[in-house]
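Source file: data38.cif (mmCIF, C-alpha atoms and all ligand atoms)
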```cif
data_target
#
loop_
_atom_site.label_atom_id
_atom_site.label_comp_id
_atom_site.auth_asym_id
_atom_site.auth_seq_id
_atom_site.Cartn_x
_atom_site.Cartn_y
_atom_site.Cartn_z
CA MET A 110 15.13 3.21 51.33
CA VAL A 111 12.12 5.35 52.26
CA LEU A 112 11.44 7.95 49.63
CA ASP A 113 9.74 11.22 50.01
CA PHE A 114 7.03 11.21 47.34
CA GLU A 115 8.04 14.55 45.86
CA VAL A 116 11.61 13.45 45.08
CA MET A 117 10.75 9.89 44.21
CA LYS A 118 12.00 8.62 40.86
CA TYR A 119 9.77 5.78 39.87
CA PRO A 120 11.80 2.82 38.56
CA GLY A 121 10.95 1.56 35.09
CA SER A 122 8.98 -1.66 35.02
CA GLY A 123 11.54 -4.36 35.55
CA LYS A 124 10.96 -8.05 36.22
CA LEU A 125 9.14 -7.29 39.44
CA ASN A 126 8.57 -3.73 40.40
CA LYS A 127 9.51 -3.74 44.12
CA THR A 128 7.80 -0.55 45.18
CA ILE A 129 5.58 -0.41 48.25
CA LEU A 130 3.22 2.31 49.24
CA LEU A 131 3.30 2.36 53.05
CA VAL A 132 0.36 4.11 54.71
CA ASP A 133 0.17 4.75 58.43
CA ASP A 134 -0.74 7.82 60.46
CA GLU A 135 1.86 6.98 63.13
CA ALA A 136 5.29 8.36 62.24
CA ASP A 137 7.14 5.79 64.39
CA ILE A 138 5.51 2.87 62.60
CA ARG A 139 6.22 4.43 59.21
CA ASP A 140 9.88 4.85 60.18
CA ILE A 141 10.36 1.33 61.57
CA LEU A 142 8.41 -0.39 58.81
CA GLY A 143 10.14 1.74 56.20
CA ILE A 144 13.56 0.58 57.42
CA THR A 145 12.47 -3.09 57.57
CA LEU A 146 10.96 -2.97 54.08
CA SER A 147 14.08 -1.28 52.70
CA ASP A 148 16.13 -4.07 54.28
CA PHE A 149 13.91 -6.55 52.41
CA GLY A 150 14.93 -4.75 49.19
CA TYR A 151 11.77 -2.71 48.60
CA GLN A 152 11.60 0.88 47.58
CA VAL A 153 9.18 2.51 49.97
CA ILE A 154 6.93 5.50 49.43
CA ALA A 155 5.35 6.60 52.66
CA ALA A 156 2.06 8.43 53.21
CA ASP A 157 0.59 9.53 56.55
CA ASN A 158 -3.09 9.43 55.58
CA GLY A 159 -5.53 7.70 53.24
CA GLU A 160 -6.25 10.72 50.99
CA LYS A 161 -2.60 11.40 50.32
CA ALA A 162 -1.97 7.66 49.83
CA PHE A 163 -4.72 7.45 47.22
CA ARG A 164 -3.31 10.45 45.31
CA ILE A 165 0.14 8.85 45.29
CA PHE A 166 -1.37 5.52 44.26
CA CYS A 167 -3.17 7.09 41.29
CA GLU A 168 0.02 8.74 40.13
CA LEU A 169 2.54 5.93 40.65
CA ASN A 170 0.43 2.78 40.60
CA PRO A 171 2.72 0.77 42.95
CA PRO A 172 2.20 -3.00 42.86
CA ILE A 173 1.97 -3.39 46.67
CA VAL A 174 0.23 -1.24 49.27
CA LEU A 175 0.71 -1.80 52.98
CA THR A 176 -1.87 0.18 54.91
CA ASP A 177 -3.06 0.62 58.43
CA ILE A 178 -6.76 -0.17 58.77
CA LYS A 179 -7.64 2.51 61.27
CA MET A 180 -6.58 6.03 60.40
CA PRO A 181 -8.16 9.43 60.90
CA GLY A 182 -9.85 10.68 57.70
CA MET A 183 -9.90 8.05 55.00
CA ASP A 184 -9.39 4.70 56.72
CA GLY A 185 -7.58 1.67 55.32
CA ILE A 186 -10.71 -0.15 54.14
CA THR A 187 -11.95 2.90 52.22
CA LEU A 188 -8.50 3.25 50.65
CA LEU A 189 -8.62 -0.45 49.70
CA GLN A 190 -12.08 -0.05 48.16
CA LYS A 191 -11.03 3.02 46.18
CA ILE A 192 -7.95 1.25 44.85
CA LYS A 193 -9.93 -1.83 43.82
CA SER A 194 -12.77 0.21 42.34
CA GLN A 195 -10.26 1.47 39.77
CA GLY A 196 -9.81 -2.08 38.52
CA SER A 197 -6.26 -2.08 39.95
CA GLU A 198 -4.43 -5.37 40.41
CA ALA A 199 -2.28 -3.96 43.24
CA GLU A 200 -1.86 -6.24 46.23
CA VAL A 201 -3.11 -4.45 49.36
CA ILE A 202 -1.97 -5.79 52.73
CA MET A 203 -3.82 -4.49 55.77
CA ILE A 204 -2.21 -3.69 59.13
CA THR A 205 -4.69 -4.37 61.90
CA GLY A 206 -4.63 -3.57 65.60
CA HIS A 207 -5.41 -6.00 68.36
CA GLY A 208 -9.14 -6.80 68.37
CA ASP A 209 -9.71 -5.53 64.79
CA MET A 210 -10.51 -9.02 63.49
CA ASP A 211 -13.93 -7.97 62.15
CA LEU A 212 -12.36 -5.20 60.12
CA ALA A 213 -9.62 -7.54 58.90
CA ILE A 214 -12.20 -10.04 57.66
CA ARG A 215 -14.20 -7.27 56.01
CA SER A 216 -11.07 -6.15 54.17
CA LEU A 217 -10.65 -9.65 52.74
CA LYS A 218 -14.12 -9.31 51.23
CA TYR A 219 -12.85 -6.24 49.42
CA GLU A 220 -9.99 -8.27 47.93
CA ALA A 221 -7.23 -7.36 50.38
CA SER A 222 -4.30 -9.66 49.73
CA GLY A 223 -3.87 -10.43 53.47
CA PHE A 224 -3.39 -8.78 56.82
CA ILE A 225 -0.78 -8.57 59.57
CA THR A 226 -1.41 -7.55 63.15
CA LYS A 227 0.26 -4.96 65.31
CA PRO A 228 2.76 -5.23 66.93
CA ILE A 229 4.27 -6.27 63.65
CA ASN A 230 6.16 -9.51 63.58
CA VAL A 231 8.88 -9.39 60.90
CA ASP A 232 8.33 -13.00 59.89
CA SER A 233 4.58 -12.49 59.33
CA LEU A 234 5.36 -9.35 57.35
CA GLU A 235 7.82 -11.28 55.19
CA VAL A 236 5.30 -14.09 54.59
CA ALA A 237 2.55 -11.61 53.65
CA LEU A 238 4.87 -9.79 51.25
CA LYS A 239 6.09 -13.02 49.68
CA ARG A 240 2.53 -14.13 49.08
CA ALA A 241 1.74 -10.77 47.47
CA CYS A 242 4.85 -10.96 45.27
CA ASP A 243 4.03 -14.55 44.24
CA LYS A 244 0.56 -13.47 43.19
CA ILE A 245 1.97 -10.60 41.13
CA LEU A 246 4.51 -12.86 39.40
CA MET A 247 1.89 -15.52 38.77
CA ARG A 248 -0.40 -12.94 37.16
CA GLU A 249 2.48 -11.68 35.05
CA LYS A 250 3.26 -15.22 33.86
CA LEU A 251 -0.38 -15.89 33.11
CA ARG A 252 -0.50 -12.70 31.04
CA GLU A 253 2.62 -13.76 29.16
CA TYR A 254 1.21 -17.24 28.49
CA THR A 255 -2.07 -15.78 27.28
CA GLU A 256 -0.27 -13.38 24.95
CA ASN A 257 1.91 -16.20 23.59
CA LEU A 258 -1.13 -18.37 23.11
CA GLU A 259 -2.91 -15.58 21.25
CA ARG A 260 0.17 -15.08 19.04
CA LEU A 261 0.38 -18.82 18.32
CA ILE A 262 -3.31 -18.99 17.43
CA LYS A 263 -2.87 -15.98 15.10
CA GLU A 264 0.19 -17.55 13.45
CA LYS A 265 -1.67 -20.81 12.98
CA SER A 266 -4.60 -19.12 11.31
CA GLU A 267 -2.23 -17.08 9.08
CA LEU A 268 -0.49 -20.31 8.09
CA GLN A 269 -3.84 -21.86 7.26
CA ASP A 270 -4.79 -18.81 5.19
CA ASN A 271 -1.46 -18.99 3.34
CA LEU A 272 -1.90 -22.68 2.67
CA SER A 273 -5.40 -22.24 1.30
CA ALA A 274 -4.23 -19.25 -0.80
CA LEU A 275 -1.40 -21.45 -2.10
CA GLY A 276 -3.88 -24.23 -2.90
CA LEU A 277 -6.13 -21.79 -4.73
CA MET A 278 -3.17 -20.34 -6.58
CA LEU A 279 -1.85 -23.73 -7.65
CA GLY A 280 -5.33 -24.79 -8.76
CA THR A 281 -5.85 -21.65 -10.81
CA ILE A 282 -2.37 -21.74 -12.34
CA SER A 283 -2.82 -25.40 -13.30
CA HIS A 284 -6.17 -24.53 -14.83
CA SER A 285 -4.63 -21.65 -16.83
CA ILE A 286 -1.77 -23.81 -18.06
CA LYS A 287 -4.22 -26.58 -18.97
CA GLY A 288 -6.17 -24.08 -21.09
CA LEU A 289 -2.99 -22.89 -22.81
CA LEU A 290 -1.90 -26.50 -23.44
CA THR A 291 -5.25 -27.16 -25.11
CA GLY A 292 -4.52 -24.19 -27.38
CA LEU A 293 -1.05 -25.60 -28.02
CA ASP A 294 -2.56 -29.00 -28.89
CA GLY A 295 -4.87 -27.25 -31.36
CA GLY A 296 -1.93 -25.47 -32.99
CA MET A 297 0.12 -28.68 -33.18
CA TYR A 298 -2.85 -30.48 -34.72
CA LEU A 299 -3.04 -27.83 -37.45
CA VAL A 300 0.72 -28.09 -38.07
CA ASP A 301 0.49 -31.91 -38.22
CA SER A 302 -2.40 -32.00 -40.64
CA GLY A 303 -0.78 -29.21 -42.70
CA PHE A 304 2.34 -31.37 -43.02
CA LYS A 305 0.36 -34.48 -43.88
CA LYS A 306 -1.68 -32.69 -46.52
CA GLU A 307 1.33 -30.64 -47.61
CA ASN A 308 -0.82 -27.60 -46.98
CA LEU A 309 1.62 -24.76 -46.24
CA GLU A 310 -1.13 -22.32 -45.33
CA LYS A 311 -2.56 -24.65 -42.68
CA THR A 312 0.94 -25.37 -41.36
CA ALA A 313 1.68 -21.65 -41.04
CA GLU A 314 -1.67 -21.06 -39.35
CA GLY A 315 -0.94 -23.82 -36.84
CA TRP A 316 2.59 -22.56 -36.27
CA THR A 317 1.24 -19.07 -35.44
CA VAL A 318 -1.08 -20.59 -32.83
CA VAL A 319 1.83 -22.63 -31.36
CA LYS A 320 4.00 -19.50 -31.10
CA GLN A 321 1.16 -17.53 -29.49
CA MET A 322 0.54 -20.24 -26.90
CA VAL A 323 4.24 -20.64 -26.11
CA GLY A 324 4.45 -16.85 -25.67
CA ARG A 325 1.49 -16.87 -23.27
CA ILE A 326 2.90 -19.78 -21.24
CA ARG A 327 6.25 -17.98 -21.04
CA LYS A 328 4.59 -14.78 -19.82
CA LEU A 329 2.57 -16.66 -17.24
CA ILE A 330 5.61 -18.51 -15.90
CA LEU A 331 7.69 -15.32 -15.76
CA ASP A 332 4.91 -13.55 -13.88
CA ILE A 333 4.61 -16.42 -11.42
CA LEU A 334 8.37 -16.50 -10.90
CA PHE A 335 8.44 -12.78 -10.35
CA TYR A 336 5.65 -13.00 -7.84
CA SER A 337 6.81 -16.10 -5.98
CA LYS A 338 10.41 -14.93 -5.57
CA ASP A 339 9.32 -11.94 -3.53
CA ARG A 340 12.86 -10.76 -4.08
CA GLU A 341 14.50 -7.80 -2.45
CA MET A 342 14.24 -4.70 -4.62
CA SER A 343 17.44 -3.70 -6.31
CA LEU A 344 17.18 0.07 -6.50
CA GLU A 345 18.88 2.19 -9.13
CA LYS A 346 18.75 5.86 -9.98
CA VAL A 347 17.54 6.08 -13.56
CA ASP A 348 16.63 8.83 -15.98
CA VAL A 349 12.83 8.98 -16.33
CA CYS A 350 12.77 9.72 -20.10
CA ALA A 351 15.36 7.07 -20.97
CA PHE A 352 13.48 4.55 -18.84
CA ALA A 353 10.15 5.43 -20.49
CA GLU A 354 11.73 5.19 -23.99
CA GLU A 355 13.14 1.73 -23.20
CA THR A 356 9.79 0.56 -21.84
CA ALA A 357 7.93 1.88 -24.89
CA MET A 358 10.40 0.18 -27.22
CA VAL A 359 9.47 -3.26 -25.87
CA ILE A 360 5.87 -2.92 -26.96
CA GLU A 361 5.98 -0.33 -29.74
CA SER A 362 6.18 -2.78 -32.66
CA LYS A 363 3.30 -4.84 -31.24
CA ILE A 364 1.16 -1.69 -31.07
CA LEU A 365 2.08 -0.39 -34.53
CA ASP A 366 1.69 -3.85 -36.13
CA ARG A 367 -1.91 -3.76 -35.03
CA GLN A 368 -2.56 -0.39 -36.62
CA ILE A 369 -2.96 1.36 -33.30
CA GLU A 370 -1.63 4.91 -33.04
CA PHE A 371 1.03 5.23 -30.35
CA VAL A 372 1.73 8.64 -28.81
CA LYS A 373 4.73 9.03 -26.51
CA ASP A 374 4.91 12.16 -24.42
CA PHE A 375 7.89 12.18 -22.06
CA ASP A 376 8.79 15.42 -20.30
CA PRO A 377 12.58 15.89 -20.55
CA SER A 378 12.58 17.94 -17.32
CA ALA A 379 11.30 14.93 -15.30
CA GLY A 380 14.86 14.13 -14.20
CA SER A 381 15.63 10.84 -12.51
CA PHE A 382 14.00 8.54 -9.96
CA GLU A 383 14.96 5.62 -7.73
CA ILE A 384 13.44 2.30 -8.79
CA ASP A 385 14.04 -1.37 -9.41
CA PRO A 386 14.09 -0.94 -13.24
CA PRO A 387 13.11 -4.48 -14.42
CA ALA A 388 10.27 -4.57 -11.90
CA VAL A 389 8.74 -1.20 -12.84
CA ASN A 390 9.36 -2.00 -16.49
CA SER A 391 7.32 -5.20 -16.25
CA ALA A 392 4.54 -3.38 -14.32
CA ILE A 393 4.16 -0.70 -17.00
CA ILE A 394 4.40 -3.21 -19.85
CA ASN A 395 1.55 -5.20 -18.29
CA ILE A 396 -0.53 -2.03 -18.32
CA LEU A 397 0.46 -1.18 -21.90
CA GLU A 398 -0.36 -4.74 -23.01
CA ASN A 399 -3.80 -4.40 -21.47
CA ALA A 400 -4.27 -1.16 -23.41
CA VAL A 401 -3.39 -2.97 -26.65
CA ASP A 402 -5.84 -5.79 -25.82
CA ALA A 403 -8.56 -3.24 -25.00
CA CYS A 404 -8.09 -1.55 -28.39
CA LEU A 405 -8.08 -4.87 -30.27
CA ARG A 406 -11.21 -6.03 -28.50
CA ASP A 407 -13.09 -2.81 -29.22
CA ILE A 408 -15.08 -3.11 -32.44
CA SER A 409 -17.10 0.05 -31.87
CA LYS A 410 -14.42 2.47 -33.15
CA SER A 411 -12.59 2.56 -36.45
CA SER A 412 -9.29 3.84 -35.09
CA HIS A 413 -7.48 3.35 -31.85
CA LYS A 414 -4.87 5.23 -29.94
CA ILE A 415 -2.64 4.63 -26.94
CA ILE A 416 -0.96 7.55 -25.18
CA PHE A 417 1.99 6.84 -22.92
CA SER A 418 3.30 9.82 -20.96
CA ALA A 419 5.83 10.51 -18.21
CA ARG A 420 6.27 13.66 -16.14
CA GLN A 421 7.24 14.90 -12.73
CA ASP A 422 4.75 16.24 -10.20
CA SER A 423 6.51 17.69 -7.13
CA ASN A 424 8.31 14.74 -5.52
CA GLN A 425 6.87 11.99 -7.64
CA ILE A 426 7.02 10.69 -11.18
CA ILE A 427 3.74 10.11 -12.97
CA PHE A 428 3.27 7.71 -15.86
CA GLU A 429 -0.03 7.63 -17.68
CA VAL A 430 -1.28 5.00 -20.10
CA SER A 431 -4.52 6.00 -21.85
CA ASP A 432 -6.38 4.02 -24.47
CA ASN A 433 -9.64 4.48 -26.31
CA GLY A 434 -10.41 0.76 -26.24
CA THR A 435 -13.30 -1.10 -24.65
CA GLY A 436 -13.18 0.65 -21.28
CA MET A 437 -14.55 -1.10 -18.21
CA ASP A 438 -17.76 -1.26 -16.26
CA GLN A 439 -17.71 -0.62 -12.50
CA GLU A 440 -17.72 -4.32 -11.65
CA THR A 441 -14.55 -4.88 -13.68
CA ILE A 442 -12.90 -1.78 -12.16
CA ASP A 443 -13.65 -3.11 -8.68
CA LYS A 444 -12.00 -6.48 -9.37
CA LEU A 445 -9.18 -5.18 -11.53
CA PHE A 446 -6.26 -5.89 -9.20
CA THR A 447 -7.57 -9.17 -7.84
CA LEU A 448 -5.29 -12.13 -8.44
CA PHE A 449 -6.49 -14.22 -11.43
CA PHE A 450 -9.27 -11.81 -12.37
CA SER A 451 -9.53 -11.69 -16.13
CA THR A 452 -12.31 -11.08 -18.64
CA LYS A 453 -10.22 -12.49 -21.49
CA GLY A 454 -10.99 -16.18 -21.05
CA LYS A 455 -8.07 -18.32 -22.22
CA GLN A 456 -6.31 -15.22 -23.55
CA GLY A 457 -5.68 -13.85 -20.05
CA THR A 458 -4.39 -15.19 -16.78
CA GLY A 459 -5.37 -12.28 -14.52
CA PHE A 460 -1.86 -12.06 -13.17
CA GLY A 461 -0.78 -8.86 -14.94
CA LEU A 462 -2.35 -6.11 -12.86
CA PHE A 463 -2.01 -8.01 -9.61
CA ILE A 464 1.76 -8.07 -10.14
CA ALA A 465 1.91 -4.50 -11.47
CA ASP A 466 0.06 -3.27 -8.41
CA SER A 467 2.29 -5.10 -5.94
CA ILE A 468 5.44 -3.80 -7.70
CA ILE A 469 4.30 -0.18 -7.63
CA ARG A 470 3.14 -0.44 -4.01
CA LYS A 471 6.54 -1.88 -3.08
CA HIS A 472 8.04 1.31 -4.43
CA GLY A 473 5.75 3.31 -2.14
CA GLY A 474 3.70 4.36 -5.16
CA SER A 475 0.14 3.84 -6.29
CA ILE A 476 -1.94 3.07 -9.36
CA GLU A 477 -5.11 5.01 -10.09
CA VAL A 478 -7.61 3.95 -12.72
CA LYS A 479 -10.28 5.86 -14.53
CA SER A 480 -12.40 4.05 -17.05
CA LYS A 481 -15.70 4.24 -18.84
CA SER A 482 -17.31 1.35 -20.63
CA GLY A 483 -17.18 1.92 -24.40
CA HIS A 484 -14.93 4.99 -24.12
CA GLY A 485 -11.53 3.93 -22.84
CA THR A 486 -9.26 3.73 -19.85
CA GLN A 487 -6.56 5.74 -18.18
CA PHE A 488 -4.03 4.22 -15.77
CA ARG A 489 -2.00 6.67 -13.68
CA ILE A 490 1.08 5.26 -11.99
CA LYS A 491 2.67 7.41 -9.29
CA ILE A 492 6.13 6.57 -8.01
CA PRO A 493 8.07 8.65 -5.47
CA LYS A 494 11.27 10.08 -6.94
CA ILE A 495 13.18 8.92 -3.91
CA PHE A 496 12.43 5.55 -2.39
CA SER A 497 11.65 5.81 1.31
CA GLY A 498 10.58 2.30 2.38
CA SER A 499 7.59 0.37 1.19
CA ALA A 500 4.92 2.77 2.39
CA GLU A 501 2.02 1.21 0.56
CA LYS A 502 -0.62 3.64 -0.59
CA LEU A 503 -4.24 3.09 -1.26
CA ARG A 504 -5.32 2.65 -4.82
CA GLN A 505 -8.16 4.56 -6.41
CA THR A 506 -10.50 3.18 -9.00
CA VAL A 507 -13.09 5.54 -10.38
CA PRO A 508 -15.23 5.70 -13.49
CA LEU A 509 -13.81 7.91 -16.25
CA SER A 510 -15.66 11.21 -16.22
CA LYS A 511 -16.85 12.61 -19.55
CA SER A 512 -14.39 15.49 -19.27
CA SER A 513 -11.33 13.26 -18.81
N1 LIG B 601 -6.90 -0.87 -20.45
C1 LIG B 601 -7.88 -1.72 -20.15
N2 LIG B 601 -9.07 -1.62 -20.78
C2 LIG B 601 -10.08 -2.47 -20.51
N3 LIG B 601 -10.01 -3.46 -19.59
C3 LIG B 601 -8.86 -3.61 -18.92
C4 LIG B 601 -7.74 -2.76 -19.17
N4 LIG B 601 -6.74 -3.15 -18.34
C5 LIG B 601 -7.22 -4.18 -17.64
N5 LIG B 601 -8.46 -4.49 -17.99
C6 LIG B 601 -9.32 -5.53 -17.39
O1 LIG B 601 -8.68 -6.02 -16.25
C7 LIG B 601 -8.55 -7.44 -16.30
C8 LIG B 601 -7.32 -7.86 -15.54
O2 LIG B 601 -6.14 -7.42 -16.18
P1 LIG B 601 -4.81 -8.24 -15.96
O3 LIG B 601 -3.75 -7.58 -16.73
O4 LIG B 601 -4.62 -8.44 -14.51
O5 LIG B 601 -5.15 -9.68 -16.55
P2 LIG B 601 -5.32 -10.07 -18.07
O6 LIG B 601 -4.87 -8.97 -18.96
O7 LIG B 601 -6.71 -10.56 -18.25
O8 LIG B 601 -4.32 -11.31 -18.17
P3 LIG B 601 -2.71 -11.28 -18.10
O9 LIG B 601 -2.38 -11.88 -16.79
O10 LIG B 601 -2.29 -12.12 -19.25
O11 LIG B 601 -2.26 -9.87 -18.19
C9 LIG B 601 -8.51 -7.74 -17.78
O12 LIG B 601 -8.93 -9.08 -18.04
C10 LIG B 601 -9.51 -6.71 -18.33
O13 LIG B 601 -10.83 -7.14 -18.12
MG MG B 602 -2.97 -8.07 -18.68
#
```

Now, as a test, write the supplied structure out as structure tokens.
Amino acid sequence: MVLDFEVMKYPGSGKLNKTILLVDDEADIRDILGITLSDFGYQVIAADNGEKAFRIFCELNPPIVLTDIKMPGMDGITLLQKIKSQGSEAEVIMITGHGDMDLAIRSLKYEASGFITKPINVDSLEVALKRACDKILMREKLREYTENLERLIKEKSELQDNLSALGLMLGTISHSIKGLLTGLDGGMYLVDSGFKKENLEKTAEGWTVVKQMVGRIRKLILDILFYSKDREMSLEKVDVCAFAEETAMVIESKILDRQIEFVKDFDPSAGSFEIDPPAVNSAIINILENAVDACLRDISKSSHKIIFSARQDSNQIIFEVSDNGTGMDQETIDKLFTLFFSTKGKQGTGFGLFIADSIIRKHGGSIEVKSKSGHGTQFRIKIPKIFSGSAEKLRQTVPLSKSS
């Protein structure tokens, strides 16, 4: 079917886009060739001069152009050059008159796909078109293979990265557990010798160490399980204040036992939010535990305080955990969320904040940190009230300003 350019509906890119731009100044040739090409199954757009053909080409980018070499105005070779100068991969077949061999050969230099001579023999036309189509399909396949190859190479390197991350993780976990087992051995030794010497004090001392080490191993294993499961989130609508109260309750006795003041400030108007409760609970407890550790490790102040607050700010819920413990220097702030980063030696695994961060990000929320060495730290956890996919936000870590 020969289409008038103005009414032409360009077909979407299918397997092979069978559109031909036919360019000839002679109306009879356009008509006859148009019918033949339509019979071959092509959709034909006809143009009667080079300028018009080039305009149509720029707009529709047809894969095949069949053009007369000699035309008034822009001739076929100029049209070919203009098409190729755009970096186009279109196959351009030249129609040459008798005795135009020089021009035909010149057109090959400009990357014409082939030429056919007038009067046009249908078989030669078919052969030239088939060759052009084969080249287009071949290029398409090559592109597909290259893309697949690139994808495979990317997958392979991702697999390698995952394997080396797994190796690193296993190595570090084993190292942490080894350290905790050494602590456990020490505790057991104290218990043993306490028994032997019937020294109750020593036995109790050893037993405390054993319990501490077992607790740390349990925490580490639970964290690892939580992380490695990468489970689907199980969302629930929960009341913010009730959730904050429950979270605080888990750690409250630990805080008070250590003579640290604990201030809870939960805004009753915060309403509810949509979260995976055990996950967010464990994230906030990790942060609260760090606050306790920071207070215990700080010998520069006589009294310590942890403030845990919850409130609503437009469409998100904000939890804050502030402590007046050791605070952090910039280097620590920068590494804070890195897996296995810990400044606590055998007392820490460096899993806590890594997990907390990934949980909050999964909720589409973020954790911001402000801290100042020697003064204290404030963690701000923002969680959208309504879960809308895991739009992960960037985290912010900044030094605590004097005013905050
Ligand atoms: N409130 C805080 N004050 C001071 N330093 C902190 C605070 N919170 C975190 N940190 C620093 O960040 C590091 C990483 O914390 P993270 O919770 O990931 O690991 P950890 O507490 O060392 O070990 P664990 O995996 O047992 O929680 C800590 O070792 C500590 O140096
Ligand atoms: Mg921690």

Using only C-alpha atoms and all ligand atoms, what are the residues with an atom within 9 Å of ligand LIG 601 (chain B), set out as a tab-separated table (two decimals) with C-alpha atoms, keeping the file's coordinate frame?
```
chain	number	residue	atom	x	y	z
A	325	ARG	CA	1.49	-16.87	-23.27
A	328	LYS	CA	4.59	-14.78	-19.82
A	329	LEU	CA	2.57	-16.66	-17.24
A	332	ASP	CA	4.91	-13.55	-13.88
A	395	ASN	CA	1.55	-5.20	-18.29
A	396	ILE	CA	-0.53	-2.03	-18.32
A	397	LEU	CA	0.46	-1.18	-21.90
A	398	GLU	CA	-0.36	-4.74	-23.01
A	399	ASN	CA	-3.80	-4.40	-21.47
A	400	ALA	CA	-4.27	-1.16	-23.41
A	401	VAL	CA	-3.39	-2.97	-26.65
A	402	ASP	CA	-5.84	-5.79	-25.82
A	403	ALA	CA	-8.56	-3.24	-25.00
A	404	CYS	CA	-8.09	-1.55	-28.39
A	406	ARG	CA	-11.21	-6.03	-28.50
A	430	VAL	CA	-1.28	5.00	-20.10
A	431	SER	CA	-4.52	6.00	-21.85
A	432	ASP	CA	-6.38	4.02	-24.47
A	433	ASN	CA	-9.64	4.48	-26.31
A	434	GLY	CA	-10.41	0.76	-26.24
A	435	THR	CA	-13.30	-1.10	-24.65
A	436	GLY	CA	-13.18	0.65	-21.28
A	437	MET	CA	-14.55	-1.10	-18.21
A	438	ASP	CA	-17.76	-1.26	-16.26
A	441	THR	CA	-14.55	-4.88	-13.68
A	442	ILE	CA	-12.90	-1.78	-12.16
A	444	LYS	CA	-12.00	-6.48	-9.37
A	445	LEU	CA	-9.18	-5.18	-11.53
A	446	PHE	CA	-6.26	-5.89	-9.20
A	447	THR	CA	-7.57	-9.17	-7.84
A	448	LEU	CA	-5.29	-12.13	-8.44
A	449	PHE	CA	-6.49	-14.22	-11.43
A	450	PHE	CA	-9.27	-11.81	-12.37
A	451	SER	CA	-9.53	-11.69	-16.13
A	452	THR	CA	-12.31	-11.08	-18.64
A	453	LYS	CA	-10.22	-12.49	-21.49
A	454	GLY	CA	-10.99	-16.18	-21.05
A	455	LYS	CA	-8.07	-18.32	-22.22
A	456	GLN	CA	-6.31	-15.22	-23.55
A	457	GLY	CA	-5.68	-13.85	-20.05
A	458	THR	CA	-4.39	-15.19	-16.78
A	459	GLY	CA	-5.37	-12.28	-14.52
A	460	PHE	CA	-1.86	-12.06	-13.17
A	461	GLY	CA	-0.78	-8.86	-14.94
A	462	LEU	CA	-2.35	-6.11	-12.86
A	463	PHE	CA	-2.01	-8.01	-9.61
A	464	ILE	CA	1.76	-8.07	-10.14
A	465	ALA	CA	1.91	-4.50	-11.47
A	480	SER	CA	-12.40	4.05	-17.05
A	481	LYS	CA	-15.70	4.24	-18.84
A	482	SER	CA	-17.31	1.35	-20.63
A	485	GLY	CA	-11.53	3.93	-22.84
A	486	THR	CA	-9.26	3.73	-19.85
A	487	GLN	CA	-6.56	5.74	-18.18
A	488	PHE	CA	-4.03	4.22	-15.77
```

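Using all atoms listed in the file, the shortest contact distance between A:Phe335 and any of A:Ile468, A:Leu268, A:Ala419, A:Ile492 is found at A:Ile468.
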
Residues near stretch 189-202 of chain A, anyone? I mean within 6 Å using all atoms listed in the file, not counting same-chain ones fewer than 4 positions away, as a short mmCIF file (atom, residue, chain, number, x, y, z; two decimals) with C-alpha atoms, in the frame of the given file.
```cif
data_model
loop_
_atom_site.label_atom_id
_atom_site.label_comp_id
_atom_site.auth_asym_id
_atom_site.auth_seq_id
_atom_site.Cartn_x
_atom_site.Cartn_y
_atom_site.Cartn_z
CA PRO A 172 2.20 -3.00 42.86
CA ILE A 173 1.97 -3.39 46.67
CA VAL A 174 0.23 -1.24 49.27
CA LEU A 175 0.71 -1.80 52.98
CA ALA A 221 -7.23 -7.36 50.38
CA SER A 222 -4.30 -9.66 49.73
CA GLY A 223 -3.87 -10.43 53.47
CA PHE A 224 -3.39 -8.78 56.82
CA ALA A 241 1.74 -10.77 47.47
#
```

List the spatial neighbours of stretch 288-299 of chain A as a tab-separated table (two decimals) with C-alpha atoms, in the coordinates of the input - criterion: any atom at most 7 Å away, all atoms listed in the file, same-chain residues fewer than 4 positions off excluded.
```
chain	number	residue	atom	x	y	z
A	284	HIS	CA	-6.17	-24.53	-14.83
A	303	GLY	CA	-0.78	-29.21	-42.70
A	311	LYS	CA	-2.56	-24.65	-42.68
A	312	THR	CA	0.94	-25.37	-41.36
A	315	GLY	CA	-0.94	-23.82	-36.84
A	316	TRP	CA	2.59	-22.56	-36.27
A	318	VAL	CA	-1.08	-20.59	-32.83
A	319	VAL	CA	1.83	-22.63	-31.36
A	322	MET	CA	0.54	-20.24	-26.90
A	326	ILE	CA	2.90	-19.78	-21.24
A	455	LYS	CA	-8.07	-18.32	-22.22
```

Counting only C-alpha atoms and all ligand atoms, the residue among A:Pro493, A:Gly474, A:Glu361, A:Asp466 that lies closest to ligand MG 602 (chain B) is A:Asp466

Using only the atoms of stretch 477-491 of chain A listed in the file, plus 8 Å on each side, state the axis-aligned box centre and edge lengths in Å rounded to one decimal, as lines of an AutoDock Vina configuration file.
```
center_x = -7.3
center_y = 4.4
center_z = -16.8
size_x = 36.0
size_y = 22.1
size_z = 31.1
```

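Within 8 Å of A:Val372, once all atoms listed in the file are used and residues closer than 3 positions along the same chain are dropped, the contacting residues are Lys414, Ile415, Ile416 and Phe417 of chain A.
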
Would you write out those residues with C-alpha atoms, as a PDB file, in the coordinates of the input?
```pdb
ATOM      1  CA  LYS A 414      -4.870   5.230 -29.940  1.00  0.00           C
ATOM      2  CA  ILE A 415      -2.640   4.630 -26.940  1.00  0.00           C
ATOM      3  CA  ILE A 416      -0.960   7.550 -25.180  1.00  0.00           C
ATOM      4  CA  PHE A 417       1.990   6.840 -22.920  1.00  0.00           C
TER       5      PHE A 417
END
```
